[in-house]
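Peer 1: Structure file start.cif, mmCIF, C-alpha atoms, is pasted below:
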data_entry
loop_
_atom_site.group_PDB
_atom_site.id
_atom_site.type_symbol
_atom_site.label_atom_id
_atom_site.label_comp_id
_atom_site.auth_asym_id
_atom_site.auth_seq_id
_atom_site.Cartn_x
_atom_site.Cartn_y
_atom_site.Cartn_z
ATOM 1 C CA MET E 49 69.343 -28.556 -33.022
ATOM 2 C CA ASP E 50 71.423 -30.088 -30.223
ATOM 3 C CA LYS E 51 70.915 -33.820 -29.935
ATOM 4 C CA ALA E 52 68.375 -34.654 -27.233
ATOM 5 C CA PRO E 53 65.596 -37.172 -26.644
ATOM 6 C CA LYS E 54 62.960 -37.008 -29.371
ATOM 7 C CA GLY E 55 60.666 -34.137 -28.692
ATOM 8 C CA PHE E 56 57.973 -31.718 -29.688
ATOM 9 C CA ILE E 57 58.696 -28.322 -31.232
ATOM 10 C CA PRO E 58 55.508 -26.203 -31.325
ATOM 11 C CA VAL E 59 54.656 -24.072 -34.344
ATOM 12 C CA MET E 60 53.767 -21.051 -32.279
ATOM 13 C CA LEU E 61 50.554 -19.047 -32.521
ATOM 14 C CA THR E 62 50.437 -15.252 -32.325
ATOM 15 C CA PRO E 63 47.760 -13.908 -29.966
ATOM 16 C CA PHE E 64 46.104 -10.634 -30.939
ATOM 17 C CA LYS E 65 44.188 -8.036 -28.964
ATOM 18 C CA ASN E 66 40.745 -6.902 -30.064
ATOM 19 C CA ASN E 67 42.369 -3.983 -31.910
ATOM 20 C CA GLY E 68 44.588 -6.384 -33.889
ATOM 21 C CA ASP E 69 47.853 -5.641 -32.059
ATOM 22 C CA ILE E 70 49.989 -8.507 -30.790
ATOM 23 C CA ASP E 71 48.993 -9.422 -27.242
ATOM 24 C CA TYR E 72 52.370 -9.867 -25.559
ATOM 25 C CA ASN E 73 50.880 -10.767 -22.183
ATOM 26 C CA ILE E 74 49.078 -13.748 -23.716
ATOM 27 C CA LEU E 75 52.150 -14.585 -25.828
ATOM 28 C CA THR E 76 54.088 -14.893 -22.565
ATOM 29 C CA GLN E 77 51.481 -17.237 -21.113
ATOM 30 C CA LEU E 78 51.308 -19.287 -24.312
ATOM 31 C CA THR E 79 55.096 -19.684 -24.359
ATOM 32 C CA GLU E 80 54.944 -20.876 -20.765
ATOM 33 C CA ILE E 81 52.248 -23.427 -21.681
ATOM 34 C CA TYR E 82 54.507 -24.928 -24.352
ATOM 35 C CA LEU E 83 57.439 -25.083 -21.935
ATOM 36 C CA LYS E 84 55.396 -26.555 -19.086
ATOM 37 C CA ALA E 85 54.073 -29.222 -21.471
ATOM 38 C CA GLY E 86 57.662 -30.326 -22.150
ATOM 39 C CA ALA E 87 58.485 -28.824 -25.546
ATOM 40 C CA VAL E 88 62.162 -29.310 -26.465
ATOM 41 C CA GLY E 89 62.261 -26.196 -28.642
ATOM 42 C CA LEU E 90 60.025 -23.526 -30.150
ATOM 43 C CA PHE E 91 59.385 -22.534 -33.759
ATOM 44 C CA ALA E 92 58.480 -18.840 -33.690
ATOM 45 C CA ASN E 93 57.412 -16.671 -36.616
ATOM 46 C CA CYS E 94 56.000 -19.536 -38.696
ATOM 47 C CA LEU E 95 52.783 -20.003 -40.680
ATOM 48 C CA SER E 96 50.826 -20.748 -37.492
ATOM 49 C CA SER E 97 52.171 -17.428 -36.179
ATOM 50 C CA GLU E 98 50.540 -15.679 -39.181
ATOM 51 C CA MET E 99 54.028 -14.573 -40.214
ATOM 52 C CA PHE E 100 52.890 -13.254 -43.586
ATOM 53 C CA GLU E 101 50.458 -10.896 -41.844
ATOM 54 C CA LEU E 102 53.090 -9.423 -39.514
ATOM 55 C CA GLU E 103 55.233 -6.390 -40.290
ATOM 56 C CA ASP E 104 58.981 -6.983 -40.176
ATOM 57 C CA GLU E 105 59.395 -5.116 -36.892
ATOM 58 C CA GLU E 106 56.510 -7.091 -35.376
ATOM 59 C CA LYS E 107 58.155 -10.337 -36.418
ATOM 60 C CA LEU E 108 61.411 -9.322 -34.758
ATOM 61 C CA GLN E 109 59.772 -7.973 -31.623
ATOM 62 C CA ALA E 110 57.689 -11.141 -31.158
ATOM 63 C CA ILE E 111 60.746 -13.376 -31.629
ATOM 64 C CA LYS E 112 62.733 -11.309 -29.104
ATOM 65 C CA HIS E 113 59.867 -11.495 -26.628
ATOM 66 C CA ILE E 114 59.676 -15.288 -26.913
ATOM 67 C CA ILE E 115 63.442 -15.660 -26.511
ATOM 68 C CA ASN E 116 63.361 -13.471 -23.398
ATOM 69 C CA ILE E 117 60.604 -15.600 -21.866
ATOM 70 C CA VAL E 118 62.380 -18.851 -22.753
ATOM 71 C CA ASP E 119 65.598 -17.512 -21.188
ATOM 72 C CA GLY E 120 67.732 -20.313 -22.634
ATOM 73 C CA ALA E 121 65.520 -23.181 -21.427
ATOM 74 C CA VAL E 122 65.112 -24.562 -24.961
ATOM 75 C CA PRO E 123 66.333 -23.612 -28.454
ATOM 76 C CA VAL E 124 64.228 -21.192 -30.503
ATOM 77 C CA VAL E 125 64.132 -21.143 -34.295
ATOM 78 C CA ALA E 126 62.284 -18.613 -36.443
ATOM 79 C CA THR E 127 61.598 -17.909 -40.095
ATOM 80 C CA GLY E 128 63.860 -15.375 -41.778
ATOM 81 C CA THR E 129 63.151 -15.521 -45.528
ATOM 82 C CA PHE E 130 60.206 -13.724 -47.067
ATOM 83 C CA GLY E 131 60.960 -13.464 -50.765
ATOM 84 C CA GLY E 132 62.729 -11.039 -53.021
ATOM 85 C CA PRO E 133 66.410 -10.979 -53.986
ATOM 86 C CA ILE E 134 68.658 -13.286 -51.977
ATOM 87 C CA SER E 135 70.544 -10.252 -50.683
ATOM 88 C CA LYS E 136 67.320 -8.951 -49.110
ATOM 89 C CA GLN E 137 66.458 -12.362 -47.661
ATOM 90 C CA ALA E 138 69.980 -12.754 -46.300
ATOM 91 C CA ASP E 139 69.736 -9.373 -44.596
ATOM 92 C CA PHE E 140 66.563 -10.381 -42.766
ATOM 93 C CA VAL E 141 68.081 -13.759 -41.841
ATOM 94 C CA LYS E 142 70.835 -11.790 -40.083
ATOM 95 C CA ARG E 143 68.285 -9.614 -38.279
ATOM 96 C CA VAL E 144 66.364 -12.674 -37.091
ATOM 97 C CA HIS E 145 69.582 -14.347 -35.952
ATOM 98 C CA ASP E 146 70.540 -11.203 -34.039
ATOM 99 C CA THR E 147 67.440 -11.658 -31.856
ATOM 100 C CA GLY E 148 69.133 -14.721 -30.350
ATOM 101 C CA THR E 149 67.648 -17.578 -32.349
ATOM 102 C CA ASN E 150 69.474 -20.909 -32.471
ATOM 103 C CA ALA E 151 68.734 -21.234 -36.190
ATOM 104 C CA VAL E 152 66.950 -19.222 -38.853
ATOM 105 C CA ILE E 153 64.457 -21.021 -41.047
ATOM 106 C CA ALA E 154 64.263 -20.617 -44.821
ATOM 107 C CA ILE E 155 60.902 -21.110 -46.535
ATOM 108 C CA THR E 156 61.527 -23.383 -49.511
ATOM 109 C CA SER E 157 58.769 -21.829 -51.631
ATOM 110 C CA LEU E 158 60.241 -18.337 -51.229
ATOM 111 C CA LEU E 159 63.681 -19.204 -52.561
ATOM 112 C CA ALA E 160 62.411 -20.132 -56.026
ATOM 113 C CA ALA E 161 59.132 -19.723 -57.916
ATOM 114 C CA GLU E 162 56.941 -22.737 -58.584
ATOM 115 C CA HIS E 163 57.988 -22.883 -62.235
ATOM 116 C CA GLU E 164 61.711 -22.656 -61.454
ATOM 117 C CA SER E 165 63.915 -25.751 -61.453
ATOM 118 C CA ASP E 166 65.637 -27.482 -58.581
ATOM 119 C CA ALA E 167 68.924 -26.314 -60.075
ATOM 120 C CA ILE E 168 67.858 -22.682 -59.678
ATOM 121 C CA PHE E 169 66.653 -23.392 -56.156
ATOM 122 C CA ASN E 170 69.965 -25.027 -55.266
ATOM 123 C CA ASP E 171 71.886 -22.035 -56.609
ATOM 124 C CA ARG E 172 69.765 -19.685 -54.488
ATOM 125 C CA VAL E 173 70.390 -21.783 -51.385
ATOM 126 C CA ALA E 174 74.127 -21.694 -52.071
ATOM 127 C CA ASP E 175 73.909 -17.920 -52.451
ATOM 128 C CA LEU E 176 71.972 -17.643 -49.191
ATOM 129 C CA PHE E 177 74.627 -19.714 -47.436
ATOM 130 C CA LYS E 178 77.322 -17.431 -48.816
ATOM 131 C CA GLN E 179 75.594 -14.232 -47.705
ATOM 132 C CA THR E 180 74.600 -15.280 -44.172
ATOM 133 C CA ASP E 181 77.930 -15.540 -42.346
ATOM 134 C CA ASN E 182 77.678 -19.195 -41.273
ATOM 135 C CA ILE E 183 74.427 -18.601 -39.391
ATOM 136 C CA PRO E 184 72.798 -21.975 -38.557
ATOM 137 C CA LEU E 185 69.857 -22.492 -40.916
ATOM 138 C CA GLY E 186 66.885 -24.758 -41.382
ATOM 139 C CA PHE E 187 64.221 -25.436 -43.991
ATOM 140 C CA TYR E 188 60.445 -25.370 -43.753
ATOM 141 C CA GLU E 189 58.358 -26.852 -46.573
ATOM 142 C CA CYS E 190 55.637 -24.286 -45.943
ATOM 143 C CA PRO E 191 52.460 -24.749 -48.017
ATOM 144 C CA VAL E 192 52.223 -20.976 -48.637
ATOM 145 C CA PRO E 193 52.647 -19.440 -51.203
ATOM 146 C CA TYR E 194 52.964 -22.957 -52.634
ATOM 147 C CA LYS E 195 54.500 -26.150 -51.303
ATOM 148 C CA ARG E 196 58.020 -26.831 -52.540
ATOM 149 C CA LEU E 197 59.354 -30.124 -51.234
ATOM 150 C CA LEU E 198 63.035 -30.843 -50.944
ATOM 151 C CA SER E 199 64.118 -34.142 -52.448
ATOM 152 C CA PRO E 200 66.085 -36.458 -50.162
ATOM 153 C CA ALA E 201 69.161 -35.840 -52.330
ATOM 154 C CA GLN E 202 68.836 -32.057 -51.938
ATOM 155 C CA LEU E 203 68.413 -32.218 -48.186
ATOM 156 C CA ILE E 204 71.334 -34.615 -47.801
ATOM 157 C CA ASP E 205 73.591 -32.280 -49.806
ATOM 158 C CA PHE E 206 72.495 -29.178 -47.878
ATOM 159 C CA VAL E 207 72.988 -30.819 -44.484
ATOM 160 C CA ALA E 208 76.421 -32.099 -45.533
ATOM 161 C CA THR E 209 77.602 -28.464 -45.776
ATOM 162 C CA GLY E 210 77.253 -28.180 -42.008
ATOM 163 C CA ARG E 211 74.965 -25.151 -42.340
ATOM 164 C CA VAL E 212 71.581 -26.844 -41.974
ATOM 165 C CA ILE E 213 70.609 -28.179 -38.555
ATOM 166 C CA TYR E 214 66.792 -28.219 -38.742
ATOM 167 C CA HIS E 215 64.156 -29.371 -41.200
ATOM 168 C CA LYS E 216 60.381 -29.178 -40.757
ATOM 169 C CA ASP E 217 59.060 -31.797 -43.138
ATOM 170 C CA THR E 218 55.622 -31.608 -44.754
ATOM 171 C CA CYS E 219 55.968 -34.161 -47.561
ATOM 172 C CA LEU E 220 53.271 -36.423 -45.992
ATOM 173 C CA ASP E 221 55.157 -39.452 -47.318
ATOM 174 C CA ILE E 222 56.826 -41.731 -44.780
ATOM 175 C CA ASN E 223 59.064 -43.296 -47.424
ATOM 176 C CA GLN E 224 60.422 -39.866 -48.378
ATOM 177 C CA VAL E 225 60.888 -39.051 -44.709
ATOM 178 C CA LYS E 226 62.969 -42.201 -44.255
ATOM 179 C CA GLU E 227 65.127 -41.259 -47.251
ATOM 180 C CA LYS E 228 65.602 -37.723 -45.914
ATOM 181 C CA LEU E 229 66.713 -39.032 -42.540
ATOM 182 C CA VAL E 230 69.930 -40.213 -44.175
ATOM 183 C CA ALA E 231 70.956 -36.532 -44.045
ATOM 184 C CA GLY E 232 71.601 -36.859 -40.326
ATOM 185 C CA LYS E 233 74.549 -39.177 -40.982
ATOM 186 C CA ALA E 234 76.487 -36.243 -42.404
ATOM 187 C CA ASN E 235 75.781 -33.894 -39.499
ATOM 188 C CA PRO E 236 74.888 -35.201 -36.027
ATOM 189 C CA ALA E 237 73.521 -31.759 -35.102
ATOM 190 C CA PHE E 238 70.805 -32.053 -37.755
ATOM 191 C CA GLY E 239 67.223 -32.897 -36.818
ATOM 192 C CA LEU E 240 64.181 -33.605 -38.996
ATOM 193 C CA TYR E 241 60.872 -32.737 -37.342
ATOM 194 C CA ASP E 242 57.770 -34.195 -38.943
ATOM 195 C CA ALA E 243 54.573 -32.171 -39.303
ATOM 196 C CA TYR E 244 52.319 -35.012 -40.469
ATOM 197 C CA MET E 245 50.661 -36.800 -37.573
ATOM 198 C CA VAL E 246 49.117 -39.601 -39.640
ATOM 199 C CA HIS E 247 52.493 -41.354 -39.542
ATOM 200 C CA ALA E 248 53.854 -39.784 -36.347
ATOM 201 C CA VAL E 249 54.816 -43.032 -34.622
ATOM 202 C CA GLU E 250 56.353 -44.513 -37.758
ATOM 203 C CA SER E 251 58.348 -41.333 -38.346
ATOM 204 C CA LEU E 252 59.701 -41.334 -34.781
ATOM 205 C CA LYS E 253 60.654 -44.999 -35.059
ATOM 206 C CA ALA E 254 62.382 -44.316 -38.387
ATOM 207 C CA GLY E 255 64.666 -41.761 -36.761
ATOM 208 C CA SER E 256 63.060 -38.332 -36.957
ATOM 209 C CA ALA E 257 64.184 -35.987 -34.187
ATOM 210 C CA GLY E 258 60.634 -35.265 -33.169
ATOM 211 C CA LEU E 259 57.319 -33.732 -34.158
ATOM 212 C CA SER E 260 56.383 -30.169 -35.122
ATOM 213 C CA CYS E 261 52.669 -30.089 -35.786
ATOM 214 C CA ILE E 262 49.589 -27.896 -35.422
ATOM 215 C CA GLN E 263 48.039 -30.523 -33.140
ATOM 216 C CA GLY E 264 50.451 -29.324 -30.478
ATOM 217 C CA ASN E 265 48.528 -26.050 -30.377
ATOM 218 C CA PHE E 266 45.574 -28.016 -29.041
ATOM 219 C CA PHE E 267 47.213 -30.543 -26.732
ATOM 220 C CA PRO E 268 50.992 -30.093 -26.478
ATOM 221 C CA GLU E 269 51.101 -32.538 -23.561
ATOM 222 C CA LEU E 270 49.809 -35.313 -25.827
ATOM 223 C CA ILE E 271 52.450 -34.726 -28.500
ATOM 224 C CA VAL E 272 55.152 -34.641 -25.811
ATOM 225 C CA TRP E 273 53.777 -37.895 -24.347
ATOM 226 C CA LEU E 274 53.915 -39.536 -27.773
ATOM 227 C CA CYS E 275 57.514 -38.407 -28.362
ATOM 228 C CA ARG E 276 58.520 -39.857 -25.014
ATOM 229 C CA ASN E 277 56.608 -43.140 -25.233
ATOM 230 C CA TYR E 278 56.358 -44.054 -28.943
ATOM 231 C CA ASP E 279 58.810 -46.953 -28.592
ATOM 232 C CA ASP E 280 57.853 -48.180 -25.116
ATOM 233 C CA ALA E 281 56.689 -51.780 -25.573
ATOM 234 C CA SER E 282 54.788 -51.654 -22.284
ATOM 235 C CA LYS E 283 52.673 -48.782 -23.655
ATOM 236 C CA ALA E 284 52.156 -50.128 -27.180
ATOM 237 C CA HIS E 285 48.368 -50.163 -26.804
ATOM 238 C CA GLU E 286 48.248 -46.577 -25.542
ATOM 239 C CA VAL E 287 50.622 -45.420 -28.302
ATOM 240 C CA SER E 288 48.420 -47.089 -30.928
ATOM 241 C CA MET E 289 45.340 -45.477 -29.392
ATOM 242 C CA THR E 290 47.024 -42.065 -29.474
ATOM 243 C CA GLN E 291 48.109 -42.466 -33.093
ATOM 244 C CA GLN E 292 44.564 -43.404 -34.099
ATOM 245 C CA PHE E 293 43.153 -40.429 -32.193
ATOM 246 C CA LEU E 294 45.417 -38.109 -34.202
ATOM 247 C CA ILE E 295 44.376 -39.757 -37.471
ATOM 248 C CA ASP E 296 40.677 -39.656 -36.663
ATOM 249 C CA ASN E 297 40.722 -35.961 -35.727
ATOM 250 C CA MET E 298 43.031 -34.626 -38.427
ATOM 251 C CA ASP E 299 40.369 -32.762 -40.406
ATOM 252 C CA VAL E 300 38.645 -30.898 -37.600
ATOM 253 C CA MET E 301 41.902 -29.373 -36.325
ATOM 254 C CA HIS E 302 42.784 -28.050 -39.785
ATOM 255 C CA HIS E 303 39.414 -26.351 -40.295
ATOM 256 C CA VAL E 304 39.565 -22.521 -39.953
ATOM 257 C CA TYR E 305 42.964 -22.898 -38.307
ATOM 258 C CA PRO E 306 44.356 -21.071 -36.335
ATOM 259 C CA ILE E 307 41.013 -19.679 -35.114
ATOM 260 C CA ILE E 308 40.023 -23.148 -33.981
ATOM 261 C CA ALA E 309 43.269 -23.622 -32.035
ATOM 262 C CA LYS E 310 42.810 -20.302 -30.260
ATOM 263 C CA TYR E 311 39.241 -21.265 -29.357
ATOM 264 C CA TRP E 312 40.546 -24.567 -27.954
ATOM 265 C CA LEU E 313 43.216 -22.829 -25.884
ATOM 266 C CA ASN E 314 40.548 -20.496 -24.531
ATOM 267 C CA LYS E 315 38.549 -23.544 -23.443
ATOM 268 C CA ARG E 316 41.553 -24.884 -21.567
ATOM 269 C CA GLY E 317 41.887 -21.632 -19.631
ATOM 270 C CA LEU E 318 44.105 -19.284 -21.655
ATOM 271 C CA ASN E 319 42.421 -15.908 -22.108
ATOM 272 C CA ILE E 320 43.366 -15.758 -25.797
ATOM 273 C CA SER E 321 41.240 -14.015 -28.396
ATOM 274 C CA THR E 322 40.188 -15.946 -31.497
ATOM 275 C CA ILE E 323 41.088 -12.910 -33.616
ATOM 276 C CA THR E 324 43.378 -13.625 -36.566
ATOM 277 C CA ARG E 325 44.843 -11.325 -39.183
ATOM 278 C CA ARG E 326 44.793 -14.086 -41.743
ATOM 279 C CA ASN E 327 41.454 -14.776 -43.421
ATOM 280 C CA VAL E 328 40.862 -18.478 -42.813
ATOM 281 C CA GLY E 329 37.072 -18.584 -43.018
ATOM 282 C CA VAL E 330 34.205 -18.516 -40.556
ATOM 283 C CA PHE E 331 34.202 -20.357 -37.252
ATOM 284 C CA SER E 332 30.686 -21.728 -37.612
ATOM 285 C CA PRO E 333 28.383 -23.284 -34.989
ATOM 286 C CA ALA E 334 28.928 -26.651 -36.724
ATOM 287 C CA THR E 335 32.690 -26.323 -36.299
ATOM 288 C CA ARG E 336 32.250 -25.267 -32.693
ATOM 289 C CA LYS E 337 30.237 -28.429 -32.061
ATOM 290 C CA LYS E 338 33.009 -30.566 -33.566
ATOM 291 C CA VAL E 339 35.476 -28.900 -31.207
ATOM 292 C CA GLU E 340 33.263 -29.801 -28.255
ATOM 293 C CA TYR E 341 33.234 -33.454 -29.337
ATOM 294 C CA LEU E 342 37.007 -33.353 -29.794
ATOM 295 C CA TYR E 343 37.460 -31.804 -26.368
ATOM 296 C CA ASN E 344 35.435 -34.567 -24.744
ATOM 297 C CA ASP E 345 37.286 -37.280 -26.670
ATOM 298 C CA TYR E 346 40.647 -35.798 -25.712
ATOM 299 C CA SER E 347 39.647 -35.529 -22.069
ATOM 300 C CA SER E 348 38.865 -39.248 -22.136
ATOM 301 C CA LEU E 349 42.151 -40.128 -23.869
ATOM 302 C CA LYS E 350 44.136 -37.906 -21.495
ATOM 303 C CA SER E 351 42.649 -39.744 -18.537
ATOM 304 C CA LYS E 352 43.557 -43.142 -20.023
ATOM 305 C CA LEU E 353 47.142 -42.022 -20.611
ATOM 306 C CA GLY E 354 47.517 -40.472 -17.180
ATOM 307 C CA ILE E 355 48.278 -37.014 -18.544
ATOM 308 C CA ALA E 356 47.631 -34.332 -15.914
#
If you convert what's in this file into structure tokens, what do you get?
Peer 2:
Amino acid sequence: MDKAPKGFIPVMLTPFKNNGDIDYNILTQLTEIYLKAGAVGLFANCLSSEMFELEDEEKLQAIKHIINIVDGAVPVVATGTFGGPISKQADFVKRVHDTGTNAVIAITSLLAAEHESDAIFNDRVADLFKQTDNIPLGFYECPVPYKRLLSPAQLIDFVATGRVIYHKDTCLDINQVKEKLVAGKANPAFGLYDAYMVHAVESLKAGSAGLSCIQGNFFPELIVWLCRNYDDASKAHEVSMTQQFLIDNMDVMHHVYPIIAKYWLNKRGLNISTITRRNVGVFSPATRKKVEYLYNDYSSLKSKLGIA
């Protein structure tokens, strides 16, 4: 990603109509919400997008639609590896790149099986590099089908090739994040975006390029505010309050996600259905009540921070 002030990159949702088709009208409006909130980029076709439940042509059409709406305002990255032989994955990486993405994201857990060694993984990455015509790439430590974390040494080596410009980190370990940030010394275009909001402020202060978290599908303006103000001494109290809010509400936002995020967006005025293709459980009355409490708490916090 081009160097810019630290910022928020949303992991985009996919809206569906009642018949299960992608709702492109709502996808347009959702994209505009992210942009209006101040997102510095967009991550399309990710786990939050229900990428594993989309057909290949749907993936490509949705990415193209988002890129058309963005119209160059911010970079767009999107997942391009979905398992199988590296030749097959490389072919789809090329198709995703042809939509106009700034980088194509490789899912770490789809380049090697859980029982396979780091050496095998590294060989597959090298093969992917070789077969993808110098297309800018990134990594996503997606928890599905299993979570495969890159070691700091691996990430540093991959970034040093000049091919990797983006990394969505899900290690949940601030010390590992700090070690991985060394990778940026080899390639100034590289950015690490942290998904774990428990240490959001610490990660930003350590040098991460920004945040890429599901919480941004509830209140993108808050995540943008944090990226802009995390190191402002005059707002230290408000930053601390925001960090604690994210910690305190971590569990509720992960429950039956992304249904719960779609419900939240509906509350804030987007006419988005809560339909998902992915089976994430039942949105119960008890969960709905927790969302109402969260909504009230966020409204109070937003007022204190002066967020419109």
Peer 1: With all atoms listed in the file as the counted atoms, please give the residues lying no more than 9 Å from Cys219 in chain E, apart from itself and same-chain residues fewer than 5 positions off, as a list in words.
Peer 2: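 Near neighbours after the sequence-gap exclusion: Glu189, Lys195, Leu197, Leu198, Gln224, Val225, Asp242, Ala243 and Tyr244 of chain E.
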Peer 1: Please evaluate the PyMOL selection byres ((chain E and resi 318-325) around 8) against the displayed coordinates and give the resulting residues as number ranges by chain.
Peer 2: E: 63-66, 68, 74, 77-78, 98, 101, 306-308, 310-311, 313-317, 326-327
Peer 1: May I have the residues from that selection written out with C-alpha atoms, as a CSV table (one decimal), in the coordinates of the input?
Peer 2:
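Output saved as result.csv:
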chain,number,residue,atom,x,y,z
E,63,PRO,CA,47.8,-13.9,-30.0
E,64,PHE,CA,46.1,-10.6,-30.9
E,65,LYS,CA,44.2,-8.0,-29.0
E,66,ASN,CA,40.7,-6.9,-30.1
E,68,GLY,CA,44.6,-6.4,-33.9
E,74,ILE,CA,49.1,-13.7,-23.7
E,77,GLN,CA,51.5,-17.2,-21.1
E,78,LEU,CA,51.3,-19.3,-24.3
E,98,GLU,CA,50.5,-15.7,-39.2
E,101,GLU,CA,50.5,-10.9,-41.8
E,306,PRO,CA,44.4,-21.1,-36.3
E,307,ILE,CA,41.0,-19.7,-35.1
E,308,ILE,CA,40.0,-23.1,-34.0
E,310,LYS,CA,42.8,-20.3,-30.3
E,311,TYR,CA,39.2,-21.3,-29.4
E,313,LEU,CA,43.2,-22.8,-25.9
E,314,ASN,CA,40.5,-20.5,-24.5
E,315,LYS,CA,38.5,-23.5,-23.4
E,316,ARG,CA,41.6,-24.9,-21.6
E,317,GLY,CA,41.9,-21.6,-19.6
E,326,ARG,CA,44.8,-14.1,-41.7
E,327,ASN,CA,41.5,-14.8,-43.4
Peer 1: E:Ser260, E:Glu250, E:Ile115, E:Lys226: which is nearest Cys94 in chain E, counting all atoms listed in the file?
Peer 2: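 Closest to Cys94 in chain E, using all atoms listed in the file: E:Ser260.
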Peer 1: Per residue of range 63-164 of chain E within 8 Å of range 261-281 of chain E, record the nearest atom pair and its distance in Å to one decimal, counting only C-alpha atoms, with rows in chain order and ascending residue number, as CSV.
Peer 2:
residue,atom,partner,partner_atom,distance
E:Tyr82,CA,E:Pro268,CA,6.6
E:Ala85,CA,E:Glu269,CA,4.9
E:Gly86,CA,E:Val272,CA,6.2
E:Ala87,CA,E:Val272,CA,6.7
E:Ser96,CA,E:Ile262,CA,7.5
Peer 1: Which residues match the PyMOL selection byres ((chain E and resi 154-161) around 10) in the file above, as a ChimeraX atom specification?
Peer 2: /E:94,126-134,137-138,141,151-153,162-173,176,185-198,215-216
Peer 1: Can you work out which one of E:Ile114, E:Gly239, E:Phe100, E:Asp217 has the shortest atom-to-atom distance to Asn73 in chain E, counting only C-alpha atoms?
Peer 2: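 Selected residue with least distance to Asn73 in chain E: E:Ile114.
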Peer 1: To one decimal in Å, tell me the separation between CA of Met99 in chain E and CA of Asn182 in chain E.
Peer 2: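 So the answer is 24.1 Å.
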Peer 1: As an exercise, work out the distance from CA of Asp299 in chain E to CA of Lys338 in chain E in Å and give it to one decimal place.
Peer 2: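 Separating CA of Asp299 in chain E from CA of Lys338 in chain E is a distance of 10.3 Å.
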Peer 1: Could you jot down the CA of Lys350 in chain E to CA of Leu294 in chain E separation for me, Å, one decimal place?
Peer 2: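 CA of Lys350 in chain E sits 12.8 Å away from CA of Leu294 in chain E.
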Peer 1: With all atoms listed in the file as the basis for distance, which of E:Val304, E:Leu259, E:Leu108, E:Leu353 is at the shortest distance from Thr335 in chain E?
Peer 2: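 Checking each candidate against Thr335 in chain E, we get E:Val304 as the closest.
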Peer 1: May I have the protein, DNA and RNA residues with an atom at most 12 Å from (54.3, -47.4, -45.1), counting all atoms listed in the file in the file's coordinates, returned as a list in words?
Peer 2: Leu220, Asp221, Ile222, Asn223, Gln224, Val225, Lys226, Val246, His247, Ala248, Val249, Glu250, Ser251 and Ala254 of chain E
Peer 1: Skip Ser135 in chain E itself and residues of its chain fewer than 4 positions away, then list as a list in words all residues within 9 Å of it, counting only C-alpha atoms.
Peer 2: Asp139, Phe140, Asp175, Leu176 and Gln179 of chain E
Peer 1: I'd like to know which of E:Val88, E:Leu83, E:Ile355, E:Leu203 is closest to Ala257 in chain E, using only C-alpha atoms.
Peer 2: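 Ranked by minimum distance to Ala257 in chain E, first place goes to E:Val88.
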